[in-house]
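A.B. asks: I have a structure here, written as structure tokens, and I will follow up with some questions on it.
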Amino acid sequence: MAAIRSQTAISPANRAPTLADARGEGRTALPAERTLLEDVRRVLRRPAGWRVLVLHLSRLPERKAHHGRIARALLEEAAPRFDGQIHGLGNGDLVFFCREEAGTLRGVTMVLARLFPETLISLWPLESEALTLVAYAAGRLAEAVAPAERIAAPTSTTSPASEPAQDSANSSEWPDFGALMRRETAIRLAHGRMTLAFRDWRADSTYLSAVAGADPALLRHHLGALERDLLATLHAGAGTGMPLDPVPHRAIHPAWPDQLPPALHLHLSPASVFTDEFAHLAALCRGGGVDLGVAIAFSDACIDAKTMERARAAIAEAGALFVLDEVRAETFSCAAPAKLDPDLLVIDYGPALADLSAHDCARLFHPLEGAQVVLRGADDEAALAFGLARGISLFQGRHAAAMAAAARMFTCPSARQCTLAACMTRAAAASPEGRFGCAEPALLDGATAQRGPSSGLGG
């Protein structure tokens with residue numbers, strides 16, 4: 001299924017460059033989904049005139065083997081007329097790259113529509129639907145990787161279960177912060193483009209829960225005990241170019257061009273914003289031109305209204321954004337989180353939220369606009385479609401991470417030595433060990449590659 005058929009009826013002396021020309025040799029052994037992503041990257045360098053027809057046979061109820069054979073035969077017959085390339089994916093979908101002028105592909109689409117439901121056929125002009133193709137290609141590759149390769153938080157070489165509970169993060173029993181932290185990227189989808197919106201760093205509750213057990217109060221106690229040391233560690237790491245460098249553009253590192261990384265969001269308790277460590281880090285980010293956001297859990301924000309009011313003022317005085325985190329659809333039945341006046345509202349995607357109409361969402365988010373809402377848990381295309389249909393443009397989750405990794409691979413000159421799963425895992429790593437093998441570590445934080453053409457989809 002990984003083989004790609006490439007045919008043309010145009011004279012070699014006059015024809016436009018094809019995917020086969022750009023592809024070079026040594027690609028036939030790549031998995032079909034990876035080969036698709038490679039061709040997406042090449043086509044988007046010059047998308048004018050390219051169309052992609054996708055037959056989603058994976059959605060066909062009671063699909064039979066002959067369905068794929070018939071559809072492939074039709075596309076193979078059409079390939080010479082459209083400079084076509086066919087990808088047969090592991091889930092059964094067929095992807096047809098082609099050049100089209102004056103709607104001449106319409107006949108092929110009409111024939112397929114007689115054989116299959118129209119809902120299974122997508123036709124995307126790449127000049128206007130590039131993001132749709134990126135999302136589709138990244139999703140298929142993310143589905144194809146083995147479960148063990150899926151994005152995961154970096155782990156420590158020390159077993160969490162062997163660590164005794166500690167009241168202070170200063171204890172030598174705690175591992176380094178690279179092992180404790182989890183990094184996530186948020187993307188912004190707006191005006192037909194994708195950009196990296198912010199870097200989201202938090203203590204890995206999976207690790208700490210092994211110490212605190214199932215007691216949420218004890219877990220929050222441990223998280224609070226870590227925060228001052230974490231803030232001091234981030235300040236001390238400024239300019240080192242390490243994964244937890246808040247201002248990596250100031251590092252002496254050949255991979256970093258002269259540009260700013262995306263905004264940095266840190267998950268803290270309200271009490272931490274009153275500390276000297278927070279003030280020092282906020283001043284560092286402000287001086288370095290990096291926007292800082294403070295993410296506070298909704299449950300923490302509701303514990304003490306007066307403390308939260310003071311914390312809100314301290315965050316604003318530091319020039320940072322107030323991000324209200326851990327809001328769920330069920331929260332709106334008993335509270336109005338937007339009344340806390342956050343700069344950004346982070347909502348977890350789930351079945352209860354998916355049932356809300358655009359009107360209901362606008363009412364619940366009011367007075368916030370969709371551009372001030374982050375949809376977390378965007379793990380598939382359905383979540384992205386839900387958010388976009390309701391005016392939301394900021395996304396976090398597995399599928400969003402796959403799209404960000406795909407965009408990095410479009411511009412990365414070393415992409416052929418990497419995989420989407422590896423790129424996702426390295427971007428989530430908060431330790432140098434977790435990034436081992438990456439030839440362009442600056443791209444993991446949102447830098448634009450200095451070499452190679454740009455897809456226009458990166459940060």
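Identifiers in the structure tokens: chain A, B, ... in order shown; residue index from 1 per chain; ligand index from 1 in order shown.
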Determine, counting only C-alpha atoms, which protein, DNA and RNA residues have an atom within 12 Å of an atom of Ser269 of chain A; residues of the same chain fewer than 5 positions away are not included. Present the result as a VMD selection string.
C.D. replies: chain A and resid 202 to 203 220 to 228 274 to 275 278 294 to 304 307 to 308 311 to 312 315 322 to 325
A.B. asks: Give the strand (DSSP E) residues of segment 319-414 of chain A, as assigned by DSSP on the backbone, as a count of residues only.
C.D. replies: 19
A.B. asks: So which one's closest to Ile187 of chain A, A:Leu268, A:Leu394, A:Ala78, A:Leu384? Using only C-alpha atoms, please.
C.D. replies: A:Leu394
A.B. asks: In terms of the shortest atom-to-atom distance over only C-alpha atoms, which of A:Ala352, A:Glu76, A:Ala400, A:Arg328 is closest to Phe365 of chain A?
C.D. replies: A:Arg328
A.B. asks: Might you pull out every residue within 12 Å of Ala382 of chain A, with only C-alpha atoms counted and same-chain residues fewer than 2 positions away left off, and present them as a count of residues only?
C.D. replies: 19
A.B. asks: Skipping near chain neighbours, those fewer than 4 positions away, what residues fall within 12 Å of Ile392 of chain A using only C-alpha atoms, listed as a ChimeraX atom specification?
C.D. replies: /A:187-190,344-347,349,358,361-362,365,368-376,378,383-388,396
A.B. asks: Atom CA of Ala113 of chain A and atom CA of Phe97 of chain A are how many Å apart?
C.D. replies: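 One can read the atom CA of Ala113 of chain A to atom CA of Phe97 of chain A distance as 17.9 Å.
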A.B. asks: Need to verify the contact set: Met194 of chain A, 12 Å, only C-alpha atoms, exclusion of same-chain residues closer than 4 positions in sequence. Can you return it as a JSON list (two decimals) with C-alpha atoms, in the first residue's frame?
C.D. replies:
[["chain", "number", "residue", "atom", "x", "y", "z"],
["A", 129, "GLU", "CA", -7.45, 24.45, 1.88],
["A", 130, "ALA", "CA", -3.84, 23.81, 2.90],
["A", 131, "LEU", "CA", -4.69, 23.60, 6.61],
["A", 132, "THR", "CA", -7.34, 20.99, 5.95],
["A", 134, "VAL", "CA", -2.22, 19.32, 6.95],
["A", 135, "ALA", "CA", -4.76, 18.29, 9.59],
["A", 186, "ALA", "CA", -0.94, 25.41, 21.56],
["A", 187, "ILE", "CA", -1.74, 26.28, 17.96],
["A", 188, "ARG", "CA", -3.80, 29.09, 16.50],
["A", 189, "LEU", "CA", -5.94, 28.42, 13.40],
["A", 190, "ALA", "CA", -7.10, 31.65, 11.83],
["A", 393, "SER", "CA", -9.06, 29.59, 17.22],
["A", 394, "LEU", "CA", -6.72, 28.28, 19.96],
["A", 395, "PHE", "CA", -6.24, 24.53, 20.42],
["A", 400, "ALA", "CA", -3.04, 19.91, 17.63],
["A", 401, "ALA", "CA", 0.41, 18.58, 18.61],
["A", 403, "MET", "CA", -0.35, 19.44, 13.31],
["A", 404, "ALA", "CA", 2.40, 21.47, 15.00],
["A", 405, "ALA", "CA", 4.87, 18.63, 14.42],
["A", 406, "ALA", "CA", 3.82, 18.37, 10.78],
["A", 407, "ALA", "CA", 4.38, 22.12, 10.34],
["A", 408, "ARG", "CA", 7.86, 21.79, 11.87],
["A", 446, "GLY", "CA", 8.69, 27.52, 17.53],
["A", 455, "SER", "CA", 5.52, 26.17, 4.02],
["A", 456, "GLY", "CA", 3.94, 29.24, 5.50],
["A", 457, "LEU", "CA", 2.33, 27.08, 8.18],
["A", 458, "GLY", "CA", 4.89, 27.26, 10.92],
["A", 459, "GLY", "CA", 5.19, 29.58, 13.87]]
A.B. asks: With a distance cut-off of 10 Å and only C-alpha atoms, select the neighbouring residues of Arg59 of chain A, excluding the residue or stretch itself and same-chain residues fewer than 6 positions from it, and output the selection as a list in words.
C.D. replies: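 The contact residues come out as Asn91, Gly92, Asp93, Thr119 and Leu120 of chain A.
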A.B. asks: Nearest to Ala429 of chain A among A:Leu55, A:Ala335, A:Leu180, A:Leu105, with distances taken over only C-alpha atoms: which residue is it?
C.D. replies: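 Nearest candidate to Ala429 of chain A out of A:Leu55, A:Ala335, A:Leu180, A:Leu105: A:Leu180.
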A.B. asks: As a PyMOL selection string, please: every residue in segment 279-352 of chain A that DSSP puts in alpha helix (DSSP H).
C.D. replies: chain A and resi 279-288+298-301+305-317+351-352
A.B. asks: Do you have the atom CA of Arg310 of chain A-atom CA of Gly287 of chain A distance handy?
C.D. replies: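 According to the coordinates, atom CA of Arg310 of chain A and atom CA of Gly287 of chain A are separated by 23.6 Å.
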A.B. asks: To one decimal place, how far is atom CA of His280 of chain A from atom CA of Asp445 of chain A in Å?
C.D. replies: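 So the two atoms, atom CA of His280 of chain A and atom CA of Asp445 of chain A, lie 22.0 Å apart.
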